[in-house]
Every structure is written in structure tokens, then in C-alpha cells.
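What follows is one structure encoded as C-alpha cells, with my remarks underneath.
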Amino acid sequence: MISRTQKNLLPSYALLVVFSLVSVFPFIWLIIGATNANIDILRGSMTFGTELAANWQKLNDLVNLPLVLWNTIKVTMLGTLLTLLVASMAGYGFEIFKSRARERVYQLVLLTLMIPFAALMIPLFKIFATIGLLDTHAAVIIPTIASVFIIFYFRQASKAFPSELREAARVDGMKEWQIFFYIYMPVMKSTYAAAFIIMFMTNWNNYLWPLIVLQSEDTKTITLVISSLASAYSPDYGVVLTGTLVATIPTLIVFLIMQRHFVHGMTGSVK
Amino acid sequence: MNRFVNINGWGFVSLSLALILAFAVYPIIQSLWLSTQVGKGVVTEFGGLTNVYRLFRDPLFKTALFNTFIFLLVQVPIMLTLALVLANTLNNPDLKYKNLFRIAIFLPCVTSLVAYSLLFKGMFSQDGVINSFLLNLHLINEPIGWLTDPFWAKITIITAITWRWTGYNMIFYIAALQNVDRSIYEAADLEGANAFQKFTRITVPMLKPVILFTTVISTIGTLQLFDEIMNITNGGPANSTITLSVYIYKLSFQYVPNFGYAATVSYVIVLIVALLSILQFKVAGKDA
């Protein structure tokens, strides 16, 4: 027996079910595709096949998958941890030590959020060519460390950091950097968790900048590899989809495990 | 004491400031200087406004500008409206399985731009699953050239971006709606307001600041559209989906490198982003 309220909500349910299906369908297609041969995928097959192992084998023949994954993990983790450290210090500094001069600097920092990357990439390319760091992972990581969005996020979150904690620590004779590392960081755990997810996703999925600086096969990350697999004249979709599945699983796991932090992290900064 | 605090203040922000100066402020100034340089490859010379004049005579630039605006003007309103409607629907306290719907609709956001682009390229190919689905339902008689027809290629790109980002924007609206007092809706119910009236008279006005925020970030994002174009259509067919960012990339790294002219095109994006952001804040400020 369906209650009247629920009956009135039927159009709402219909709308949500349709949109949920549309949202989830490409994932299902991805998983099914990875188990099918190229020819069946191109025929629009929607049943599970038996080609997953063959596709996996072909993918491994074409690219050095362990190396590609290692490159991706290295760039992602180093970049993410450095951003968490550097940007959280800045967010903390701007909020806790307020001064008129720093407030102006902060406004300018926020303005750089609006600079499109297309306007930065050529000078950045020239900088890294000059200092001889093209085709290195350092070149991928360094320009992304001081993420203005994460600085902004930590500044907003720092407003909730209790000033009594700081005062007490000072009375105990702790230095400012000790207060930051031993008190602020543990207290702000959930802020760090949310920032971690945002940066993990950003770095794992980064494409344009790595595409410009990483030129040899040995340094490439997973997004570059699947993109070039698919740009062949007639790509083998079995292989492309298996690669795409490999590229998507880590972010999917991070999302499903840390779902609550994720939503909080994305929206917390504008509330 | 005051001096002590001050030194610490700069100490905490100095690393970030140094990086921002080196990798955002310096490059954007360098870009401006580059835009005055003419010549291809390594040897360039000062050309004043030569590159700016060239913009006006460059048909491919005009195409890229036109396409970018089509994507902006068609896609952003569709996506934000959908996101608002979905958030509003999910905001009903009697609704069940809310979390399940929310996760499903948000799921596209966890894919990388490259990964989902490849999925759309595959699904929308000539014999792909979308065409076979539509053919089986007898909605179409022959396959649609989703990637090969200039008109349909634009539709494919718009569909793809909307799929990827609607859930993202919806989350912002859901968060904002939680701060709207439920009694406003209950009062509207008592006065016999229907769902549409509640949506346009309560939800939209209450969410105005968030709608503005999402409009600005979507605008900036769409103006920089790159990954999807490169991986779904590579700007084709016949440049019908090329965007400014893709054009800049091709000018710099695919054709014979012309950094000077590419920098000039990139400043067009800088100017559009600045102008649109000011405009959007002005418009919102007036009504507020």
C-alpha cells in the first residue's frame, strides 16, 4: 500500500530515476565494454563478454602499465601532500595573522583564480624549458602546489579554529610553527581530508599541463596514455575502455570511501 | 609583540606567495609581452599590435570564438537549470532513497575529463550504443553522425559536459537549500502554491548567491574547454567544435609554434573572463 504522500511524489521519483540511470549508464557501458572485443563494442553490444583478460593483455603489450601507474601515483601523491602543506600554511597565515597589507595581497591572490590556464601555459612551458625541467615530474607538480582554491578553502575553515587553543599554547611557550604543526593540523583533520580528496582528484585527472611537459613514454601518466590510445586512427575500444577503467577505479574508490568528506569539501567553502 | 606576529604572518604565507608569483603572476605578465612578438619558432621580434590586427583577419580564431560562445550560452543555462530542478526535487523531506539518487547523479564527477570524454567518443560513434539504441526504438531511421556532422558534434559535446557537471552543481544547490527554512515552503503550501510556483518564487530567489557563484565558475570553466574537445572530436569535423583553448594549444604545440600569436589569443580569454565576471556580479548586485 503506497501512502498518498508517496503517490504524489511519483513524478519526482520518475525524474530522479531517469537522471540516475543516465548518470550511471556510461559506467555500466564502460564495465561491459572492457569485457568485450572491439568489434562487439562498436556494434553497440550491451552484454558482458569474455575478452577482459585479452584486453588486459593487449593493454600491457602496448604500454608499460606498472610504470605508468607508478608515475601517476607519484605525481598525484607528491603534488597533493605538498599542496596540503603549503596551501594550508597560507590559509592559516592569512586568517590568523591579519594585517591590512596581507589582506590586500590576499585579494590579489584570489584574483589569480580567474586567470585561464591557456594564458599561463606558454610562459610556463618556457620557464621549465629554460631551467631544464621539461619531461620531468617536478615540472608537472611544481606549478600546481600553491592552489589558490585550497588556500581559500583553508582560510575559510580556519575561521572556526578556536583562538583559546592558540592562546593556551602560547602561554605554554610553544613557537608559532609548533602551534601550527602540533595543534592546528590535528584539530583540522576533516578539513585536510576534504582538501586531500579535491587535490587527489585534480592531480590524478590532470591532462593539459602534463600533455605539454611530459614528452617521453617513460614519464607519462595514465590520462595521457589512455588519451593517446584512443587517438589512434581506428582505436581498439576494448583496450581503450580497459585502460579507462584502470584510470577511473582509484578516484571511484576514493570517492566511495570518503563520500561524506567529498561533498563537505566541495561545498563547505561557499556556505 | 606586534612585529613578532607580523613576521610570522608573512612566514606562513611566503611559500605560497613565492610560488604564485613565479607560476601565475610572472607568466601572465610574460604572456602580455609575448603577445607583442611576431615570427614563428625561436626567432621572434617586436611587432607591436600586429598580432591583435591578425585576430580580426583570422577566420579560424573567429570560428573558435563563436564555438566557445555557443557552448557557453547553450550549455551553462541547460546544466544549471537541470541542477536546480534536481536539487529542488531532492529537497522534499518525504522523499525516500535520497542518498542513493544523490550519489548516482553525482557519480559522473569522479571521472577524469579525459576518461569520460573517451566514453562519450565510444558511445556516440557511428555504430555506437547510442545510435543502435535510437535505431532499435525506431526514433531514427539512420544513424546520426554524432561525431562527424558539424551540428551533431556540437550537440555531443554539450551533452557530454552536461552529463559530467550537472551533479557537481546540484551539490552546491542541495547544500544551500539546507539553509533555507522549511517553514517558508510550508507557508506556501498552506496558501495553495503549486510546485512550479514554489520553485520560481522561493527556491530560485533564496539560492541567488549560489546560482551566481555556480554561473561564474561554469562560465570560467566553459571558456577554458579543452580536454573534452581534444578527446572527443579533436576540434572537428571541419573545426566545428574547436574552442579558444584548443586553438591556443594547436598554435603553440601542433602547428609550427607561434607563441606570440597564441599568447594574443589567450589574452582574449583573459579579457572575456574578466568582463563576464564583472558583468555577472553587476547584474546580481542590482537585483539584490
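All residue names refer to the C-alpha cells as shown: chains lettered A, B, ... in order, residues numbered from 1 in each chain, ligands numbered from 1 in order.
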
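Residues in contact range of A:Asn64, defined as at most 10 Å between only C-alpha atoms, with sequence neighbours fewer than 3 positions away removed, read Leu59, Asn60, Asp61, Leu67, Val68, Leu69, Glu217, Asp218 and Val225 of chain A.
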
Expected file contents, prior selection, N, CA and C atoms, as a PDB file, in the first residue's frame:
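Final output, result.pdb:
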ATOM      1  N   LEU A  59      46.545  -4.363 -23.532  1.00  0.00           N
ATOM      2  CA  LEU A  59      46.900  -3.086 -22.915  1.00  0.00           C
ATOM      3  C   LEU A  59      48.331  -3.147 -22.392  1.00  0.00           C
ATOM      4  N   ASN A  60      48.665  -4.271 -21.733  1.00  0.00           N
ATOM      5  CA  ASN A  60      50.006  -4.421 -21.181  1.00  0.00           C
ATOM      6  C   ASN A  60      51.069  -4.577 -22.271  1.00  0.00           C
ATOM      7  N   ASP A  61      50.671  -5.108 -23.423  1.00  0.00           N
ATOM      8  CA  ASP A  61      51.626  -5.190 -24.527  1.00  0.00           C
ATOM      9  C   ASP A  61      51.920  -3.811 -25.103  1.00  0.00           C
ATOM     10  N   LEU A  67      54.681   1.028 -14.798  1.00  0.00           N
ATOM     11  CA  LEU A  67      55.421   2.291 -14.786  1.00  0.00           C
ATOM     12  C   LEU A  67      54.463   3.487 -14.890  1.00  0.00           C
ATOM     13  N   VAL A  68      53.475   3.369 -15.792  1.00  0.00           N
ATOM     14  CA  VAL A  68      52.510   4.451 -15.974  1.00  0.00           C
ATOM     15  C   VAL A  68      51.763   4.712 -14.661  1.00  0.00           C
ATOM     16  N   LEU A  69      51.349   3.634 -13.995  1.00  0.00           N
ATOM     17  CA  LEU A  69      50.620   3.801 -12.734  1.00  0.00           C
ATOM     18  C   LEU A  69      51.526   4.383 -11.657  1.00  0.00           C
ATOM     19  N   GLU A 217      57.705   8.431 -23.343  1.00  0.00           N
ATOM     20  CA  GLU A 217      56.788   7.394 -22.852  1.00  0.00           C
ATOM     21  C   GLU A 217      57.051   7.045 -21.385  1.00  0.00           C
ATOM     22  N   ASP A 218      58.326   7.169 -20.955  1.00  0.00           N
ATOM     23  CA  ASP A 218      58.703   6.751 -19.601  1.00  0.00           C
ATOM     24  C   ASP A 218      58.118   7.643 -18.511  1.00  0.00           C
ATOM     25  N   VAL A 225      48.156   8.446 -21.380  1.00  0.00           N
ATOM     26  CA  VAL A 225      48.249   7.163 -22.055  1.00  0.00           C
ATOM     27  C   VAL A 225      46.904   6.757 -22.666  1.00  0.00           C
TER      28      VAL A 225
END

Output the contact residues of chain B with respect to chain A at a cut-off of 7 Å, based on only C-alpha atoms, as number ranges by chain. B: 5-6, 9, 12-13, 15-16, 19-20, 23-24, 27-28, 30-31, 89, 101, 104-105, 107-108, 110-115, 119, 127-129, 132, 163, 172, 175, 224, 231, 245, 259, 263, 266-267, 270

Go through B:Leu49, B:Thr233, B:Ala160, B:Phe151 one by one, measure the shortest atom-to-atom distance of each to B:Trp33 using only C-alpha atoms, and give the residue with the smallest value.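 Answer, going by the shortest atom-to-atom distance: B:Leu49.
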
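Restricting the calculation to only C-alpha atoms, the smallest distance between B:Thr50 and any of B:Ser35, B:Thr63, B:Ser125, B:Thr162 is found for B:Ser35.
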
Need to verify the contact set: stretch 82-87 of chain B, 7 Å, only C-alpha atoms, exclusion of same-chain residues closer than 2 positions in sequence. Can you return it as a list in words?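 Neighbouring residues, sequence-local ones excluded: Ile78, Met79, Leu80, Thr89, Leu90, Asn91, Thr166, Gly167, Asn169, Met170, Tyr173 and Ile174 of chain B.
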
Keeping only C-alpha atoms, write the selected residues to a file as a PDB file, in the first residue's frame.
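Done, and the output landed in part_30.pdb:
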ATOM      1  CA  ILE B  78      20.692  23.990 -19.517  1.00  0.00           C
ATOM      2  CA  MET B  79      23.025  22.455 -16.949  1.00  0.00           C
ATOM      3  CA  LEU B  80      22.289  24.934 -14.154  1.00  0.00           C
ATOM      4  CA  THR B  89      13.227  17.718  -6.142  1.00  0.00           C
ATOM      5  CA  LEU B  90      15.674  16.109  -3.727  1.00  0.00           C
ATOM      6  CA  ASN B  91      14.900  18.729  -1.104  1.00  0.00           C
ATOM      7  CA  THR B 166      25.156  18.699 -13.554  1.00  0.00           C
ATOM      8  CA  GLY B 167      25.637  16.653 -10.373  1.00  0.00           C
ATOM      9  CA  ASN B 169      26.385  21.984  -9.457  1.00  0.00           C
ATOM     10  CA  MET B 170      23.458  20.152  -7.879  1.00  0.00           C
ATOM     11  CA  TYR B 173      22.312  23.842  -4.550  1.00  0.00           C
ATOM     12  CA  ILE B 174      21.466  20.995  -2.168  1.00  0.00           C
TER      13      ILE B 174
END
